[in-house]
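Shown next, in structure tokens, is the structure this report addresses.
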Amino acid sequence: MKHYSNLESLENFEATVDLALELKKNPFVFEELGKRKTIALVFFNNSLRTRLSTEKAARNLGMDVMVLNVSDSWNLEFGDGTVMNLDTAEHIKEATQVIAQYADIIAVRAFAGLKDKVADATEKVLNAFIKYAGVPIVNMESALSHPLQGLTDAVTIKETVTKKRPKVVLSWAPHPRALPHAVANSFVKSMKLCDVEFVITNPVGYDLDPKITKGITINHNQQEALKDADVVYVKNWSSFDDYGQVTNTDSHWMMTKEKLGHAIFMHCLPVRRNVVVEDAVLDSDQSVVIQQARNRTYAAQAVLKTLLENIT
Ligand SMILES: NCCC[C@H](NC(=O)CCC(=O)O)C(=O)O
Ligand SMILES: NC(=O)OP(=O)(O)O
């Protein structure tokens, strides 16, 4: 694996899930691997979990860590041949190569703009790093995917659910803001790689990219979809068809204790209480959201270990 840009980058998904579970038991066994190696974490957007868990993962492997919030740096230009006499002070071509002078691995977070479907699909920021930096790149949530989260979610289900071929439901929830599709996309891809019965439920007009959901049951009736679920993963996303728009805020789609039944509750966090999910769910033993956040460290560590082995 040269870069971790999406879940397909992994040569062996199942082995990586198992590696993350091993690393959770013994986090420091590879602490020599990353010695004298540096990772730069570059953020174009906010973060709590990804920022801290990726840093912790790198430190567990003996790496040095640097963090750059792009909002503290120069305004970046992405255009080709632009006459840069306006607001942008530095071109992404120089910026990526310069960061690579200080870092052996670069991890990048750059969300979808949600204004232009075609533009978001080009993964402009992630791909610029891959094209120009010349070092391995890790996706910390891009326009279309959040593969560190998708990997974590498979790890969390594997360690929590003992039932063979459990029923997993991805259930859309309302949200006041337009949110990206990345988390949902990577969860779908992750579940396609796991031995589970997988169903997606969302309102009409909120179907995810059909190229990603191909072969998966989408049920627009939430009650029907949730029947006999073992795992319920809740997430909001904005409309894909009416790209980036919030066309539905129906609170009936909020997850409740009653709807959850006997299932465990998952969410990538951050989550809006009593909008996306009611308190009674988050405050119950059925919620594994904190365990999920913990597992982010070991999923990131499995990815970084694999990348480090290829550069040493
Ligand atoms: N990285 C995990 C989720 C990040 C982002 N959520 C958010 O922006 C929530 C912000 C809010 O609730 O205002 C998303 O859905 O992709
Ligand atoms: N789940 C997740 O990626 O959280 P942050 O956005 O806080 O990093």
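Simple scheme: letters A, B, ... for chains in structure tokens order, numbers from 1 for residues in each chain, numbers from 1 for ligands in the order shown.
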Using only C-alpha atoms and all ligand atoms, find each residue in chain A having at least one atom no more than 10 Å away from ligand 1; report its shortest atom-to-atom pair and that distance in Å (one decimal), rows by chain then rising number, as CSV.
residue,atom,partner,partner_atom_place_in_ligand_line,distance
A:Asn45,CA,ligand 1,8 (O),8.7
A:Asn46,CA,ligand 1,8 (O),7.9
A:Ser47,CA,ligand 1,1 (N),6.8
A:Leu48,CA,ligand 1,1 (N),8.4
A:Arg49,CA,ligand 1,1 (N),7.8
A:Thr50,CA,ligand 1,1 (N),7.2
A:Arg109,CA,ligand 1,1 (N),9.1
A:Phe111,CA,ligand 1,16 (O),7.1
A:Ala112,CA,ligand 1,16 (O),8.5
A:Met140,CA,ligand 1,1 (N),8.2
A:Glu141,CA,ligand 1,1 (N),6.6
A:Ser142,CA,ligand 1,16 (O),8.9
A:Ala143,CA,ligand 1,16 (O),8.8
A:Leu144,CA,ligand 1,16 (O),9.4
A:Ser145,CA,ligand 1,16 (O),8.8
A:His146,CA,ligand 1,1 (N),7.4
A:Leu148,CA,ligand 1,1 (N),9.7
A:Gln149,CA,ligand 1,1 (N),7.8
A:His175,CA,ligand 1,12 (O),7.4
A:Pro176,CA,ligand 1,13 (O),7.8
A:Arg177,CA,ligand 1,13 (O),6.3
A:Ala178,CA,ligand 1,8 (O),8.3
A:Leu179,CA,ligand 1,15 (O),4.8
A:Pro180,CA,ligand 1,16 (O),4.8
A:His181,CA,ligand 1,16 (O),6.6
A:Ala182,CA,ligand 1,16 (O),5.9
A:Val183,CA,ligand 1,16 (O),5.7
A:Ala184,CA,ligand 1,16 (O),8.3
A:Lys235,CA,ligand 1,15 (O),7.5
A:Asn236,CA,ligand 1,15 (O),6.7
A:Trp237,CA,ligand 1,15 (O),6.6
A:Ser238,CA,ligand 1,15 (O),9.1
A:His267,CA,ligand 1,2 (C),8.9
A:Cys268,CA,ligand 1,2 (C),5.7
A:Leu269,CA,ligand 1,2 (C),5.8
A:Pro270,CA,ligand 1,9 (C),6.0
A:Val271,CA,ligand 1,12 (O),6.1
A:Arg272,CA,ligand 1,12 (O),5.9
A:Arg273,CA,ligand 1,12 (O),9.7
A:Val275,CA,ligand 1,12 (O),9.9
A:Val276,CA,ligand 1,12 (O),9.4
### Task
Among the residues of region 96-310 of chain A, find those DSSP assigns to strand (DSSP E) from the backbone and print them as an MDAnalysis selection string.
chainID A and resid 105:109 137:139 167:172 197:201 217:219 231:235 264:266
Mind checking which residues fall within 7 Å of Ala103 (chain A), counting only C-alpha atoms, ignoring those fewer than 5 positions away in the same chain, and posting them as an mmCIF file with N, CA and C atoms, in the first residue's frame?
data_model
loop_
_atom_site.group_PDB
_atom_site.id
_atom_site.type_symbol
_atom_site.label_atom_id
_atom_site.label_comp_id
_atom_site.auth_asym_id
_atom_site.auth_seq_id
_atom_site.Cartn_x
_atom_site.Cartn_y
_atom_site.Cartn_z
ATOM 1 N N THR A 38 8.531 11.030 10.919
ATOM 2 C CA THR A 38 7.592 12.099 11.305
ATOM 3 C C THR A 38 6.328 12.015 10.462
ATOM 4 N N ILE A 39 5.195 12.235 11.128
ATOM 5 C CA ILE A 39 3.934 12.381 10.379
ATOM 6 C C ILE A 39 3.448 13.825 10.559
ATOM 7 N N ALA A 40 2.981 14.427 9.460
ATOM 8 C CA ALA A 40 2.345 15.745 9.540
ATOM 9 C C ALA A 40 0.846 15.548 9.343
#
### Query
Could you pull the residues within 10 Å of Asn310 (chain A), counting only C-alpha atoms, minus those fewer than 2 positions along the same chain, as a list in words?
Met1, Lys2, Pro136, Leu304, Lys305, Thr306, Leu307, Leu308 and Thr312 of chain A
### Query
Could you name the residues that touch region 201-218 of chain A at 9 Å or less, counting only C-alpha atoms, but leaving out those on the same chain fewer than 6 positions away, as a list of chain:residue names?
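Everything that qualifies: A:Val169, A:Leu170, A:Ser171, A:Trp172, A:Ala173, A:His181, A:Ala184, A:Asn185, A:Val188, A:Lys189, A:Lys192, A:Glu224, A:Ala225, A:Leu226, A:Trp237, A:Ser238, A:Ser239, A:Phe240, A:Asp241, A:Asp242, A:Thr247, A:Asn248, A:Trp253.
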How about saving the chosen residues, C-alpha atoms kept, as a PDB file, in the first residue's frame?
ATOM      1  CA  VAL A 169     -28.678  -1.082   9.575  1.00  0.00           C
ATOM      2  CA  LEU A 170     -27.380   2.319   8.452  1.00  0.00           C
ATOM      3  CA  SER A 171     -30.152   4.729   9.420  1.00  0.00           C
ATOM      4  CA  TRP A 172     -30.256   8.348   8.200  1.00  0.00           C
ATOM      5  CA  ALA A 173     -31.088  10.984  10.815  1.00  0.00           C
ATOM      6  CA  HIS A 181     -21.499  11.776   2.454  1.00  0.00           C
ATOM      7  CA  ALA A 184     -21.801   7.026   5.179  1.00  0.00           C
ATOM      8  CA  ASN A 185     -19.914   6.093   1.986  1.00  0.00           C
ATOM      9  CA  VAL A 188     -21.233   1.192   3.277  1.00  0.00           C
ATOM     10  CA  LYS A 189     -17.924   0.091   1.749  1.00  0.00           C
ATOM     11  CA  LYS A 192     -19.699  -4.712   2.003  1.00  0.00           C
ATOM     12  CA  GLU A 224     -39.290  -2.065   8.479  1.00  0.00           C
ATOM     13  CA  ALA A 225     -35.541  -1.682   7.983  1.00  0.00           C
ATOM     14  CA  LEU A 226     -34.806  -1.685  11.723  1.00  0.00           C
ATOM     15  CA  TRP A 237     -25.968  13.196   5.222  1.00  0.00           C
ATOM     16  CA  SER A 238     -27.241  15.871   2.873  1.00  0.00           C
ATOM     17  CA  SER A 239     -29.087  14.947  -0.290  1.00  0.00           C
ATOM     18  CA  PHE A 240     -26.925  13.399  -3.015  1.00  0.00           C
ATOM     19  CA  ASP A 241     -29.504  13.841  -5.799  1.00  0.00           C
ATOM     20  CA  ASP A 242     -30.279  17.448  -4.861  1.00  0.00           C
ATOM     21  CA  THR A 247     -34.579  18.904   1.929  1.00  0.00           C
ATOM     22  CA  ASN A 248     -35.837  16.948   4.939  1.00  0.00           C
ATOM     23  CA  TRP A 253     -36.159   9.883  11.678  1.00  0.00           C
TER      24      TRP A 253
END
### Message
Residues within 12 Å of Asp230 (chain A), please, as number ranges by chain. Count only C-alpha atoms; anything in the same chain fewer than 5 positions from it doesn't count.
### Response
A: 157, 160-170, 196-199, 225, 259-266, 286
Quick one: write out the picked residues with N, CA and C atoms as an mmCIF file, in the first residue's frame?
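Now in result-v7.cif:
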data_model
loop_
_atom_site.group_PDB
_atom_site.id
_atom_site.type_symbol
_atom_site.label_atom_id
_atom_site.label_comp_id
_atom_site.auth_asym_id
_atom_site.auth_seq_id
_atom_site.Cartn_x
_atom_site.Cartn_y
_atom_site.Cartn_z
ATOM 1 N N ILE A 157 -17.463 -3.484 15.352
ATOM 2 C CA ILE A 157 -18.503 -4.511 15.211
ATOM 3 C C ILE A 157 -17.898 -5.886 15.485
ATOM 4 N N THR A 160 -17.432 -6.503 19.187
ATOM 5 C CA THR A 160 -18.615 -6.350 20.043
ATOM 6 C C THR A 160 -19.692 -7.388 19.767
ATOM 7 N N VAL A 161 -19.882 -7.719 18.492
ATOM 8 C CA VAL A 161 -21.006 -8.573 18.117
ATOM 9 C C VAL A 161 -20.506 -10.000 17.892
ATOM 10 N N THR A 162 -21.017 -10.929 18.682
ATOM 11 C CA THR A 162 -20.539 -12.310 18.565
ATOM 12 C C THR A 162 -21.372 -13.117 17.564
ATOM 13 N N LYS A 163 -22.613 -12.651 17.349
ATOM 14 C CA LYS A 163 -23.521 -13.371 16.446
ATOM 15 C C LYS A 163 -22.935 -13.493 15.033
ATOM 16 N N LYS A 164 -23.113 -14.660 14.436
ATOM 17 C CA LYS A 164 -22.646 -14.854 13.058
ATOM 18 C C LYS A 164 -23.577 -14.097 12.097
ATOM 19 N N ARG A 165 -23.008 -13.459 11.126
ATOM 20 C CA ARG A 165 -23.765 -12.674 10.141
ATOM 21 C C ARG A 165 -24.876 -11.806 10.783
ATOM 22 N N PRO A 166 -24.457 -10.840 11.631
ATOM 23 C CA PRO A 166 -25.444 -9.966 12.273
ATOM 24 C C PRO A 166 -26.136 -9.042 11.270
ATOM 25 N N LYS A 167 -27.316 -8.555 11.662
ATOM 26 C CA LYS A 167 -28.004 -7.579 10.800
ATOM 27 C C LYS A 167 -27.571 -6.162 11.195
ATOM 28 N N VAL A 168 -27.011 -5.446 10.228
ATOM 29 C CA VAL A 168 -26.500 -4.087 10.441
ATOM 30 C C VAL A 168 -27.357 -3.121 9.618
ATOM 31 N N VAL A 169 -27.846 -2.067 10.281
ATOM 32 C CA VAL A 169 -28.678 -1.082 9.575
ATOM 33 C C VAL A 169 -28.019 0.290 9.660
ATOM 34 N N LEU A 170 -27.825 0.917 8.505
ATOM 35 C CA LEU A 170 -27.380 2.319 8.452
ATOM 36 C C LEU A 170 -28.636 3.173 8.324
ATOM 37 N N VAL A 196 -21.915 -9.549 7.019
ATOM 38 C CA VAL A 196 -23.106 -9.056 7.720
ATOM 39 C C VAL A 196 -24.273 -8.970 6.744
ATOM 40 N N GLU A 197 -25.491 -8.948 7.315
ATOM 41 C CA GLU A 197 -26.672 -8.621 6.502
ATOM 42 C C GLU A 197 -26.834 -7.114 6.612
ATOM 43 N N PHE A 198 -26.748 -6.406 5.499
ATOM 44 C CA PHE A 198 -26.668 -4.945 5.568
ATOM 45 C C PHE A 198 -27.835 -4.276 4.851
ATOM 46 N N VAL A 199 -28.468 -3.336 5.554
ATOM 47 C CA VAL A 199 -29.602 -2.592 5.002
ATOM 48 C C VAL A 199 -29.379 -1.102 5.271
ATOM 49 N N ALA A 225 -36.988 -1.437 8.102
ATOM 50 C CA ALA A 225 -35.541 -1.682 7.983
ATOM 51 C C ALA A 225 -34.935 -2.076 9.328
ATOM 52 N N LYS A 259 -37.019 2.502 19.062
ATOM 53 C CA LYS A 259 -36.691 2.012 17.706
ATOM 54 C C LYS A 259 -35.457 1.116 17.708
ATOM 55 N N LEU A 260 -34.520 1.403 18.638
ATOM 56 C CA LEU A 260 -33.246 0.674 18.655
ATOM 57 C C LEU A 260 -33.439 -0.802 18.999
ATOM 58 N N GLY A 261 -34.494 -1.097 19.784
ATOM 59 C CA GLY A 261 -34.733 -2.491 20.177
ATOM 60 C C GLY A 261 -33.552 -3.029 20.959
ATOM 61 N N HIS A 262 -33.056 -4.220 20.561
ATOM 62 C CA HIS A 262 -31.947 -4.825 21.301
ATOM 63 C C HIS A 262 -30.579 -4.501 20.670
ATOM 64 N N ALA A 263 -30.591 -3.705 19.601
ATOM 65 C CA ALA A 263 -29.356 -3.463 18.838
ATOM 66 C C ALA A 263 -28.360 -2.599 19.609
ATOM 67 N N ILE A 264 -27.087 -2.675 19.182
ATOM 68 C CA ILE A 264 -26.126 -1.695 19.690
ATOM 69 C C ILE A 264 -26.224 -0.453 18.809
ATOM 70 N N PHE A 265 -25.871 0.691 19.402
ATOM 71 C CA PHE A 265 -25.964 1.969 18.698
ATOM 72 C C PHE A 265 -24.572 2.475 18.345
ATOM 73 N N MET A 266 -24.371 2.820 17.067
ATOM 74 C CA MET A 266 -23.078 3.357 16.630
ATOM 75 C C MET A 266 -23.247 4.717 15.956
ATOM 76 N N GLN A 286 -26.305 0.324 25.520
ATOM 77 C CA GLN A 286 -26.322 -0.131 24.121
ATOM 78 C C GLN A 286 -25.470 0.751 23.206
#
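Straight-line separation from CA of Leu114 (chain A) to CA of Met255 (chain A): 25.0 Å.
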### Message
Please compute the CA of Ile200 (chain A)-CA of Ser186 (chain A) distance, one decimal, in Å.
### Response
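These two atoms are separated by 13.1 Å.
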### Query
Near region 89-101 of chain A, counting only C-alpha atoms, which residues have an atom at most 10 Å away, once you skip same-chain residues fewer than 4 positions from it, shown as a ChimeraX atom specification?
/A:38-42,68,73-80,82,84-85,105-106,125,128-136
### Task
Considering only C-alpha atoms, state which residue in the set A:Ile137, A:Thr156, A:Val303, A:Asp228 is at the smallest distance from His3 (chain A).
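Ranking A:Ile137, A:Thr156, A:Val303, A:Asp228 by distance to His3 (chain A), first place goes to A:Ile137.
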### Message
Given only C-alpha atoms as the basis, pick out the residue of A:Leu193, A:Gly81, A:Pro174, A:Glu258 nearest to Asn274 (chain A).
### Response
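Smallest separation from Asn274 (chain A) among the options: A:Pro174.
Between CA of Glu31 (chain A) and CA of Gly62 (chain A) the interatomic distance comes to 4.6 Å.
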### Distance criterion (only C-alpha atoms and all ligand atoms): nearest to ligand 2 out of A:Lys158, A:Arg36, A:Lys24, A:Arg51
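Closest to ligand 2, using only C-alpha atoms and all ligand atoms: A:Arg51.
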#### Entry: region 37-247 of chain A: residues DSSP assigns to alpha helix (DSSP H), reported as a PyMOL selection string
chain A and resi 49-60+92-102+117-121+124-132+147-160+182-192+210-213+222-226
